[in-house]
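J.: Just one file: coords.cif, with mmCIF, C-alpha atoms and all ligand atoms.
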```
data_work
#
loop_
_atom_site.label_atom_id
_atom_site.label_comp_id
_atom_site.auth_asym_id
_atom_site.auth_seq_id
_atom_site.Cartn_x
_atom_site.Cartn_y
_atom_site.Cartn_z
CA MET A 1 16.66 -5.96 -52.01
CA ILE A 2 13.51 -5.60 -49.95
CA ASN A 3 11.86 -2.23 -49.96
CA ASN A 4 11.40 -1.19 -46.35
CA ASN A 5 8.46 0.98 -47.32
CA LEU A 6 6.42 -2.18 -47.84
CA ASN A 7 6.35 -2.62 -44.10
CA TYR A 8 4.53 0.62 -43.44
CA PRO A 9 1.01 -0.50 -44.39
CA PHE A 10 1.36 -3.45 -42.04
CA LEU A 11 2.62 -1.24 -39.26
CA LEU A 12 -0.28 1.15 -39.84
CA VAL A 13 -2.77 -1.70 -39.75
CA SER A 14 -1.36 -3.00 -36.50
CA ILE A 15 -1.51 0.46 -34.94
CA LEU A 16 -5.13 0.79 -36.05
CA ILE A 17 -5.99 -2.59 -34.59
CA LEU A 18 -4.23 -1.68 -31.37
CA SER A 19 -6.05 1.63 -31.04
CA ALA A 20 -9.37 -0.01 -31.90
CA PHE A 21 -8.61 -2.54 -29.21
CA CYS A 22 -7.76 0.18 -26.71
CA HIS A 23 -10.96 1.95 -27.61
CA VAL A 24 -12.96 -1.20 -26.98
CA SER A 25 -11.20 -1.68 -23.66
CA TYR A 26 -12.29 1.82 -22.62
CA SER A 27 -15.88 0.76 -22.86
CA ALA A 28 -15.12 -2.10 -20.50
CA PRO A 29 -17.65 -2.16 -17.66
CA LEU A 30 -15.19 -0.80 -15.15
CA GLU A 31 -15.68 1.86 -12.50
CA LEU A 32 -12.70 3.30 -10.67
CA GLN A 33 -12.59 5.58 -7.64
CA GLY A 34 -9.60 6.86 -5.75
CA SER A 35 -6.31 8.17 -6.95
CA LEU A 36 -4.33 6.93 -9.91
CA GLN A 37 -1.00 8.18 -8.64
CA GLN A 38 2.10 6.66 -7.09
CA GLY A 39 1.29 5.56 -3.54
CA GLY A 40 -2.43 5.67 -4.31
CA LEU A 41 -5.28 3.28 -3.66
CA VAL A 42 -8.05 2.65 -6.14
CA ILE A 43 -11.36 0.96 -5.46
CA GLY A 44 -12.85 -0.52 -8.59
CA LYS A 45 -16.07 -2.24 -9.55
CA VAL A 46 -17.00 -4.69 -12.29
CA PRO A 47 -20.41 -6.26 -13.01
CA GLN A 48 -21.40 -9.73 -11.81
CA GLY A 49 -19.49 -12.56 -13.43
CA HIS A 50 -16.44 -10.51 -14.42
CA GLN A 51 -12.90 -11.09 -13.20
CA VAL A 52 -10.01 -8.68 -12.80
CA ILE A 53 -6.36 -9.61 -13.35
CA TYR A 54 -3.44 -7.39 -12.32
CA GLN A 55 0.19 -8.47 -12.58
CA GLN A 56 -0.89 -12.09 -13.10
CA ASN A 57 -2.96 -12.04 -9.90
CA LYS A 58 -6.68 -12.56 -9.96
CA LEU A 59 -7.95 -9.77 -7.68
CA LYS A 60 -10.38 -10.63 -4.91
CA LEU A 61 -13.88 -9.28 -5.52
CA THR A 62 -16.60 -8.46 -2.98
CA PRO A 63 -20.06 -9.98 -3.69
CA ASN A 64 -20.83 -6.62 -5.38
CA GLY A 65 -17.84 -6.85 -7.69
CA GLN A 66 -15.64 -4.31 -5.86
CA PHE A 67 -11.88 -4.72 -5.74
CA LEU A 68 -8.83 -2.87 -4.45
CA LEU A 69 -5.68 -1.96 -6.32
CA GLY A 70 -2.73 -0.29 -4.61
CA LEU A 71 0.16 1.52 -6.27
CA GLY A 72 3.65 1.54 -4.76
CA ARG A 73 5.84 4.60 -4.17
CA ASP A 74 7.61 4.12 -7.49
CA ALA A 75 4.81 2.46 -9.48
CA PRO A 76 5.24 2.72 -13.29
CA THR A 77 3.39 5.61 -14.98
CA GLN A 78 1.30 3.15 -16.96
CA ILE A 79 -0.25 -0.10 -15.75
CA GLU A 80 -2.55 -2.66 -17.33
CA ILE A 81 -5.46 -4.44 -15.82
CA THR A 82 -7.30 -7.21 -17.63
CA ILE A 83 -11.03 -7.69 -17.28
CA ILE A 84 -12.47 -11.07 -18.20
CA ASN A 85 -16.18 -11.07 -18.96
CA PRO A 86 -18.57 -14.01 -18.40
CA ASP A 87 -17.89 -15.20 -22.01
CA SER A 88 -14.17 -15.38 -21.16
CA GLN A 89 -13.37 -12.41 -23.41
CA ARG A 90 -10.39 -10.45 -22.17
CA LEU A 91 -10.30 -6.67 -22.25
CA VAL A 92 -7.09 -4.86 -21.41
CA GLU A 93 -7.45 -1.49 -19.73
CA VAL A 94 -4.38 0.74 -19.75
CA LEU A 95 -4.30 3.19 -16.85
CA SER A 96 -2.04 6.23 -16.56
CA ILE A 97 -0.48 6.69 -13.15
CA ALA A 98 0.63 10.18 -12.09
CA SER A 99 4.19 10.30 -10.78
CA ARG A 100 5.07 12.15 -7.60
CA GLU A 101 8.08 14.04 -6.31
CA TYR A 102 9.24 13.07 -2.85
CA ASN A 103 11.18 15.27 -0.50
CA ILE A 104 14.37 14.55 1.42
CA GLN A 105 14.24 14.36 5.19
CA ARG A 106 17.33 14.33 7.42
CA ILE A 107 17.04 12.75 10.85
CA GLU A 108 19.92 13.31 13.28
CA GLY A 109 20.43 11.80 16.68
CA VAL A 110 19.13 8.25 16.26
CA PRO A 111 21.34 5.64 18.01
CA GLN A 112 24.22 4.86 15.64
CA THR A 113 23.62 1.10 16.19
CA THR A 114 20.32 1.51 14.29
CA VAL A 115 22.09 3.18 11.35
CA THR A 116 24.93 0.68 11.03
CA PRO A 117 23.58 -2.50 12.66
CA SER A 118 25.93 -5.22 13.92
CA GLU A 119 25.96 -8.75 12.49
CA THR A 120 23.77 -9.94 15.40
CA ASP A 121 21.33 -7.09 14.78
CA LEU A 122 21.23 -7.89 11.05
CA LYS A 123 20.13 -11.42 11.93
CA ARG A 124 17.33 -10.01 14.05
CA ILE A 125 16.35 -7.54 11.32
CA ARG A 126 16.02 -10.40 8.81
CA SER A 127 13.86 -12.40 11.19
CA ASP A 128 11.70 -9.28 11.86
CA ILE A 129 11.21 -8.81 8.09
CA ALA A 130 10.03 -12.42 7.78
CA LEU A 131 7.54 -11.98 10.66
CA VAL A 132 6.07 -8.83 9.10
CA LYS A 133 5.90 -10.36 5.63
CA ASN A 134 4.12 -13.38 7.04
CA ALA A 135 1.59 -11.15 8.86
CA ARG A 136 0.63 -9.54 5.52
CA LYS A 137 0.66 -12.58 3.24
CA GLU A 138 -2.96 -13.74 3.46
CA ILE A 139 -5.44 -12.01 1.17
CA THR A 140 -8.57 -12.38 3.28
CA ASP A 141 -12.28 -11.92 2.48
CA ARG A 142 -12.65 -9.25 5.19
CA MET A 143 -14.42 -6.14 3.93
CA ASP A 144 -13.68 -3.71 6.79
CA PHE A 145 -12.21 -1.29 4.24
CA LEU A 146 -15.71 -0.66 2.78
CA LEU A 147 -16.67 1.28 5.94
CA GLY A 148 -13.82 3.70 5.25
CA PHE A 149 -10.89 5.10 7.22
CA LYS A 150 -10.52 7.87 9.76
CA GLU A 151 -7.21 9.55 10.52
CA PRO A 152 -5.69 8.80 13.94
CA ASP A 153 -5.62 12.53 14.59
CA ILE A 154 -3.46 12.60 17.74
CA GLY A 155 -0.96 15.34 17.04
CA PRO A 156 0.99 17.33 14.44
CA ILE A 157 2.26 15.48 11.37
CA THR A 158 6.08 15.32 11.47
CA GLY A 159 6.72 12.82 8.69
CA ILE A 160 4.99 12.00 5.43
CA TYR A 161 4.91 9.14 2.94
CA GLY A 162 7.67 8.73 0.41
CA SER A 163 10.40 10.99 1.81
CA GLN A 164 13.94 9.87 1.10
CA ARG A 165 15.53 9.62 4.52
CA TYR A 166 19.04 10.19 5.79
CA TYR A 167 19.74 8.95 9.31
CA ASN A 168 22.77 10.62 10.95
CA GLY A 169 23.78 11.56 7.40
CA VAL A 170 23.47 8.02 5.97
CA PRO A 171 20.92 7.48 3.13
CA LYS A 172 18.40 4.78 4.11
CA SER A 173 15.08 3.46 2.76
CA PRO A 174 12.32 6.00 2.18
CA HIS A 175 9.75 6.74 4.86
CA TYR A 176 6.45 5.02 4.15
CA GLY A 177 4.15 6.19 6.91
CA ILE A 178 2.56 9.29 8.33
CA ASP A 179 4.21 10.34 11.62
CA TYR A 180 2.08 12.00 14.28
CA ALA A 181 3.98 13.50 17.21
CA ALA A 182 2.23 12.84 20.55
CA PRO A 183 3.31 12.18 24.13
CA THR A 184 4.16 8.64 25.19
CA GLY A 185 1.03 6.88 26.41
CA THR A 186 -1.41 8.71 24.07
CA ALA A 187 -4.17 6.26 23.06
CA VAL A 188 -4.08 5.13 19.42
CA LYS A 189 -7.47 4.33 17.86
CA ALA A 190 -7.98 2.01 14.90
CA PRO A 191 -8.58 4.03 11.68
CA ALA A 192 -10.80 1.14 10.48
CA GLY A 193 -11.88 -2.28 11.65
CA GLY A 194 -10.00 -5.48 10.95
CA GLN A 195 -8.14 -8.38 12.51
CA VAL A 196 -4.76 -8.32 14.27
CA THR A 197 -2.15 -10.29 12.31
CA LEU A 198 0.94 -9.13 14.26
CA ALA A 199 1.37 -7.83 17.80
CA HIS A 200 5.07 -7.63 18.68
CA ASN A 201 6.58 -5.54 21.49
CA ASP A 202 10.10 -5.25 20.21
CA LEU A 203 11.04 -5.31 16.53
CA PHE A 204 14.51 -3.86 15.85
CA TYR A 205 13.51 -0.80 13.80
CA SER A 206 9.84 -0.36 14.62
CA GLY A 207 9.75 -1.38 18.33
CA GLY A 208 6.19 -2.12 19.49
CA THR A 209 4.53 -3.04 16.18
CA LEU A 210 0.91 -3.87 15.41
CA ILE A 211 -0.55 -4.97 12.07
CA ILE A 212 -4.28 -5.00 11.32
CA ASP A 213 -5.73 -6.69 8.23
CA HIS A 214 -8.63 -4.71 6.71
CA GLY A 215 -9.27 -7.35 4.01
CA HIS A 216 -8.44 -7.90 0.33
CA GLY A 217 -4.70 -7.41 1.00
CA LEU A 218 -5.12 -4.00 2.65
CA SER A 219 -3.43 -3.62 6.04
CA SER A 220 -2.33 -0.96 8.52
CA THR A 221 0.88 -1.09 10.53
CA PHE A 222 1.46 0.97 13.69
CA LEU A 223 5.07 1.50 14.79
CA HIS A 224 7.05 2.56 17.89
CA LEU A 225 4.17 1.78 20.29
CA SER A 226 4.97 1.80 24.02
CA GLU A 227 2.16 -0.64 24.63
CA ILE A 228 -0.14 -2.86 22.57
CA VAL A 229 -3.54 -3.48 24.17
CA VAL A 230 -4.95 -6.01 21.67
CA GLU A 231 -3.93 -9.57 20.83
CA LEU A 232 -2.99 -11.58 17.78
CA GLY A 233 -6.17 -12.76 16.01
CA GLN A 234 -8.43 -10.24 17.77
CA ILE A 235 -11.19 -8.59 15.72
CA ILE A 236 -10.94 -4.80 15.93
CA GLU A 237 -13.79 -2.30 15.65
CA PRO A 238 -13.27 1.12 14.05
CA ASP A 239 -12.00 3.62 16.69
CA GLN A 240 -11.16 0.87 19.18
CA VAL A 241 -8.07 1.72 21.25
CA ILE A 242 -5.32 -0.62 20.01
CA GLY A 243 -2.20 0.71 21.72
CA LYS A 244 -0.26 3.63 23.11
CA VAL A 245 2.21 6.01 21.50
CA GLY A 246 5.88 5.41 22.29
CA SER A 247 9.38 5.83 20.93
CA THR A 248 10.46 2.20 20.79
CA GLY A 249 12.77 1.02 17.97
CA ARG A 250 14.54 3.58 15.74
CA ALA A 251 12.86 6.81 16.86
CA THR A 252 14.08 10.16 18.10
CA GLY A 253 11.00 10.89 20.18
CA PRO A 254 7.47 9.66 20.92
CA HIS A 255 5.27 9.50 17.82
CA LEU A 256 2.89 7.22 15.97
CA ASP A 257 3.96 6.02 12.54
CA TRP A 258 0.93 4.71 10.60
CA ARG A 259 1.69 2.80 7.43
CA MET A 260 -0.47 1.00 4.93
CA ASN A 261 0.07 -1.86 2.54
CA TRP A 262 -1.88 -3.34 -0.33
CA ARG A 263 -0.39 -6.81 -0.77
CA ASP A 264 3.39 -6.14 -0.88
CA GLN A 265 2.95 -2.55 -2.11
CA ARG A 266 3.49 0.22 0.41
CA ILE A 267 0.81 2.83 -0.16
CA ASP A 268 0.17 6.32 1.20
CA PRO A 269 -2.34 6.38 4.12
CA LYS A 270 -3.28 9.94 3.12
CA LEU A 271 -4.46 8.69 -0.28
CA VAL A 272 -6.32 5.81 1.37
CA LEU A 273 -8.19 8.38 3.49
CA GLN A 274 -9.12 10.18 0.24
CA ALA A 275 -10.16 7.01 -1.61
CA LEU A 276 -12.08 5.50 1.30
CA PRO A 277 -13.19 8.23 3.73
CA ARG A 278 -15.28 7.12 6.69
CA ALA A 279 -18.73 8.73 6.79
CA ASN A 280 -18.91 9.33 10.56
ZN ZN A 301 7.96 7.30 10.91
#
```
Using structure tokens, write down the structure from this file.

T.:
Amino acid sequence: MINNNLNYPFLLVSILILSAFCHVSYSAPLELQGSLQQGGLVIGKVPQGHQVIYQQNKLKLTPNGQFLLGLGRDAPTQIEITIINPDSQRLVEVLSIASREYNIQRIEGVPQTTVTPSETDLKRIRSDIALVKNARKEITDRMDFLLGFKEPDIGPITGIYGSQRYYNGVPKSPHYGIDYAAPTGTAVKAPAGGQVTLAHNDLFYSGGTLIIDHGHGLSSTFLHLSEIVVELGQIIEPDQVIGKVGSTGRATGPHLDWRMNWRDQRIDPKLVLQALPRAN
């Protein structure tokens, strides 16, 4: 019979190696700014010649070694990023991610057809999803995000990121944007510069929808617009008027819904404003 106790020294040794390894990884030449919490955005920096890997993706670096990393609404409370130095040595950095509690928001009075869509509508919804996904798929070299973001401060906030939503009593996907109530026709200014990757007047849920790429997988989406005043492919300056507030799509009244993505992760615009505030 094998004595199980014999295994303990080996276990201890492996724990020691692991903790030594973790310790080494903490001295990795990595700077992080922003918020390590669900829905957060982090801007990191590594020295020249280093690479950063996250979830098997090599992250895009600016010429100064800066990179973005976004955390979804339900991101795990621990993530790993791997840094590869110029000698091809890999260092694993384990990061703790703070979890958040999200509230429940009940919306009554939206058209019932938007809560229980017909077969024809479902077809349209699927094609809308494909259009939006396509508009966010390219990870470009643009660096507009480095100049920071400014809130499109056009009215009171009536919806926040992450809320679990019930429409006419039916549980639906969470809300991912910040809602600003404002009269139809109110000018919407770009929170940061970028390039238009989608300008569509009538998506099923989001109505007049505009997507701007800020670079490195970071994008803004503006929903329910009554009018879009820029075109697909157009380069946008910070504060440029891009459209007008409306209540198109599934909306109970005129408001702007501003959402942000990092790659396929939906992140909280409020935390982007904290991580990358605009100076002026
Ligand atoms: Zn909204």

J.: Neighbours of Gly44 of chain A within 12 Å (only C-alpha atoms; same-chain residues fewer than 5 positions away dropped), as number ranges by chain?

T.: A: 29-36, 51-52, 59-62, 64-70, 81, 83, 146, 275-276

J.: Dump the neighbourhood of ligand ZN 301 (chain A) as a ChimeraX atom specification: all residues within 8 Å, distances computed on only C-alpha atoms and all ligand atoms.

T.: /A:159-160,175-179,223,251,255-258

J.: Rounded to one decimal in Å, what is the spacing between atom CA of Ile154 of chain A and atom CA of Val229 of chain A?

T.: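 Straight-line distance from atom CA of Ile154 of chain A to atom CA of Val229 of chain A works out to 17.3 Å.
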
J.: So which residues touch Trp262 of chain A within 7 Å, counting only C-alpha atoms, skipping near sequence neighbours fewer than 2 positions away, as a list in words?

T.: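 After dropping sequence-adjacent residues, the list is Gly70, Gly217, Leu218, Ser219, Met260, Asp264, Gln265, Arg266 and Ile267 of chain A.
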
J.: Box time for segment 41-46 of chain A: axis-aligned, enclosing all its listed atoms, 8 Å extra on each side; report centre and edge lengths in Å to one decimal, as AutoDock Vina command-line options.

T.:
```
--center_x -11.1 --center_y -0.7 --center_z -8.0 --size_x 27.7 --size_y 24.0 --size_z 24.6
```

J.: For atom CA of Pro277 of chain A and atom CA of Arg259 of chain A, quote the distance in Å rounded to one decimal.

T.: 16.3 Å

J.: Would you mind reading off the distance between atom CA of Phe149 of chain A and atom CA of Tyr102 of chain A, one decimal, in Å?

T.: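 Distance between the two atoms: 23.9 Å.
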
J.: Taking into account only C-alpha atoms, which residue in the set A:Val170, A:Val110, A:Ile139, A:Ile212 is nearest to Gly253 of chain A?

T.: A:Val110

J.: I want to know what sits within 9 Å of Ser99 of chain A, based on only C-alpha atoms, with residues of the same chain fewer than 2 positions away left out; could you give that as a ChimeraX atom specification?

T.: /A:37-38,73-77,97,101

J.: With only C-alpha atoms as the atoms that count, which of A:Ala192, A:Ile125, A:Ile157, A:Ala181 lies nearest to Glu237 of chain A?

T.: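 Counting only C-alpha atoms, the residue closest to Glu237 of chain A is A:Ala192.
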
J.: Quick one: residues within 6 Å of Gly243 of chain A, only C-alpha atoms counted, chain neighbours fewer than 4 positions away excluded, as a ChimeraX atom specification?

T.: /A:188,227-229

J.: Can you complete the atoms of segment 159-179 of chain A to N, CA, C and O atoms and list them as a PDB file, keeping the file's coordinate frame?

T.:
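Contents of the output file result-v3.pdb:
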```
ATOM      1  N   GLY A 159       6.094  13.622   9.745  1.00  0.00           N
ATOM      2  CA  GLY A 159       6.720  12.820   8.690  1.00  0.00           C
ATOM      3  C   GLY A 159       5.652  12.392   7.718  1.00  0.00           C
ATOM      4  O   GLY A 159       4.525  12.110   8.121  1.00  0.00           O
ATOM      5  N   ILE A 160       5.988  12.389   6.431  1.00  0.00           N
ATOM      6  CA  ILE A 160       4.990  12.000   5.430  1.00  0.00           C
ATOM      7  C   ILE A 160       5.522  10.841   4.592  1.00  0.00           C
ATOM      8  O   ILE A 160       6.702  10.503   4.638  1.00  0.00           O
ATOM      9  N   TYR A 161       4.610  10.287   3.798  1.00  0.00           N
ATOM     10  CA  TYR A 161       4.910   9.140   2.940  1.00  0.00           C
ATOM     11  C   TYR A 161       5.898   9.513   1.830  1.00  0.00           C
ATOM     12  O   TYR A 161       5.787  10.579   1.214  1.00  0.00           O
ATOM     13  N   GLY A 162       6.830   8.624   1.604  1.00  0.00           N
ATOM     14  CA  GLY A 162       7.670   8.730   0.410  1.00  0.00           C
ATOM     15  C   GLY A 162       8.999   9.423   0.574  1.00  0.00           C
ATOM     16  O   GLY A 162       9.877   9.262  -0.271  1.00  0.00           O
ATOM     17  N   SER A 163       9.158  10.212   1.653  1.00  0.00           N
ATOM     18  CA  SER A 163      10.400  10.990   1.810  1.00  0.00           C
ATOM     19  C   SER A 163      11.632  10.087   1.779  1.00  0.00           C
ATOM     20  O   SER A 163      11.655   9.041   2.409  1.00  0.00           O
ATOM     21  N   GLN A 164      12.645  10.565   1.053  1.00  0.00           N
ATOM     22  CA  GLN A 164      13.940   9.870   1.100  1.00  0.00           C
ATOM     23  C   GLN A 164      14.596  10.270   2.414  1.00  0.00           C
ATOM     24  O   GLN A 164      14.689  11.444   2.735  1.00  0.00           O
ATOM     25  N   ARG A 165      15.016   9.279   3.193  1.00  0.00           N
ATOM     26  CA  ARG A 165      15.530   9.620   4.520  1.00  0.00           C
ATOM     27  C   ARG A 165      17.024   9.393   4.671  1.00  0.00           C
ATOM     28  O   ARG A 165      17.570   8.401   4.170  1.00  0.00           O
ATOM     29  N   TYR A 166      17.648  10.315   5.376  1.00  0.00           N
ATOM     30  CA  TYR A 166      19.040  10.190   5.790  1.00  0.00           C
ATOM     31  C   TYR A 166      19.036  10.126   7.307  1.00  0.00           C
ATOM     32  O   TYR A 166      18.475  11.004   7.957  1.00  0.00           O
ATOM     33  N   TYR A 167      19.631   9.054   7.863  1.00  0.00           N
ATOM     34  CA  TYR A 167      19.740   8.950   9.310  1.00  0.00           C
ATOM     35  C   TYR A 167      21.189   9.212   9.704  1.00  0.00           C
ATOM     36  O   TYR A 167      22.090   8.522   9.207  1.00  0.00           O
ATOM     37  N   ASN A 168      21.409  10.210  10.557  1.00  0.00           N
ATOM     38  CA  ASN A 168      22.770  10.620  10.950  1.00  0.00           C
ATOM     39  C   ASN A 168      23.634  10.776   9.693  1.00  0.00           C
ATOM     40  O   ASN A 168      24.803  10.399   9.689  1.00  0.00           O
ATOM     41  N   GLY A 169      23.036  11.293   8.624  1.00  0.00           N
ATOM     42  CA  GLY A 169      23.780  11.560   7.400  1.00  0.00           C
ATOM     43  C   GLY A 169      23.880  10.397   6.424  1.00  0.00           C
ATOM     44  O   GLY A 169      24.389  10.550   5.322  1.00  0.00           O
ATOM     45  N   VAL A 170      23.359   9.207   6.833  1.00  0.00           N
ATOM     46  CA  VAL A 170      23.470   8.020   5.970  1.00  0.00           C
ATOM     47  C   VAL A 170      22.146   7.799   5.232  1.00  0.00           C
ATOM     48  O   VAL A 170      21.091   7.722   5.870  1.00  0.00           O
ATOM     49  N   PRO A 171      22.182   7.715   3.854  1.00  0.00           N
ATOM     50  CA  PRO A 171      20.920   7.480   3.130  1.00  0.00           C
ATOM     51  C   PRO A 171      20.351   6.097   3.439  1.00  0.00           C
ATOM     52  O   PRO A 171      21.072   5.108   3.399  1.00  0.00           O
ATOM     53  N   LYS A 172      19.063   6.057   3.783  1.00  0.00           N
ATOM     54  CA  LYS A 172      18.400   4.780   4.110  1.00  0.00           C
ATOM     55  C   LYS A 172      17.114   4.689   3.293  1.00  0.00           C
ATOM     56  O   LYS A 172      16.823   5.554   2.481  1.00  0.00           O
ATOM     57  N   SER A 173      16.315   3.624   3.551  1.00  0.00           N
ATOM     58  CA  SER A 173      15.080   3.460   2.760  1.00  0.00           C
ATOM     59  C   SER A 173      14.132   4.642   3.014  1.00  0.00           C
ATOM     60  O   SER A 173      14.189   5.280   4.051  1.00  0.00           O
ATOM     61  N   PRO A 174      13.264   4.893   2.036  1.00  0.00           N
ATOM     62  CA  PRO A 174      12.320   6.000   2.180  1.00  0.00           C
ATOM     63  C   PRO A 174      11.397   5.778   3.379  1.00  0.00           C
ATOM     64  O   PRO A 174      11.271   4.659   3.880  1.00  0.00           O
ATOM     65  N   HIS A 175      10.736   6.834   3.792  1.00  0.00           N
ATOM     66  CA  HIS A 175       9.750   6.740   4.860  1.00  0.00           C
ATOM     67  C   HIS A 175       8.400   6.426   4.229  1.00  0.00           C
ATOM     68  O   HIS A 175       8.025   7.050   3.249  1.00  0.00           O
ATOM     69  N   TYR A 176       7.685   5.457   4.796  1.00  0.00           N
ATOM     70  CA  TYR A 176       6.450   5.020   4.150  1.00  0.00           C
ATOM     71  C   TYR A 176       5.190   5.345   4.933  1.00  0.00           C
ATOM     72  O   TYR A 176       4.101   5.022   4.510  1.00  0.00           O
ATOM     73  N   GLY A 177       5.342   5.956   6.103  1.00  0.00           N
ATOM     74  CA  GLY A 177       4.150   6.190   6.910  1.00  0.00           C
ATOM     75  C   GLY A 177       3.844   7.657   7.075  1.00  0.00           C
ATOM     76  O   GLY A 177       4.501   8.520   6.500  1.00  0.00           O
ATOM     77  N   ILE A 178       2.800   7.929   7.862  1.00  0.00           N
ATOM     78  CA  ILE A 178       2.560   9.290   8.330  1.00  0.00           C
ATOM     79  C   ILE A 178       2.959   9.274   9.803  1.00  0.00           C
ATOM     80  O   ILE A 178       2.525   8.394  10.557  1.00  0.00           O
ATOM     81  N   ASP A 179       3.805  10.226  10.222  1.00  0.00           N
ATOM     82  CA  ASP A 179       4.210  10.340  11.620  1.00  0.00           C
ATOM     83  C   ASP A 179       3.366  11.401  12.299  1.00  0.00           C
ATOM     84  O   ASP A 179       3.233  12.516  11.781  1.00  0.00           O
TER      85      ASP A 179
END
```
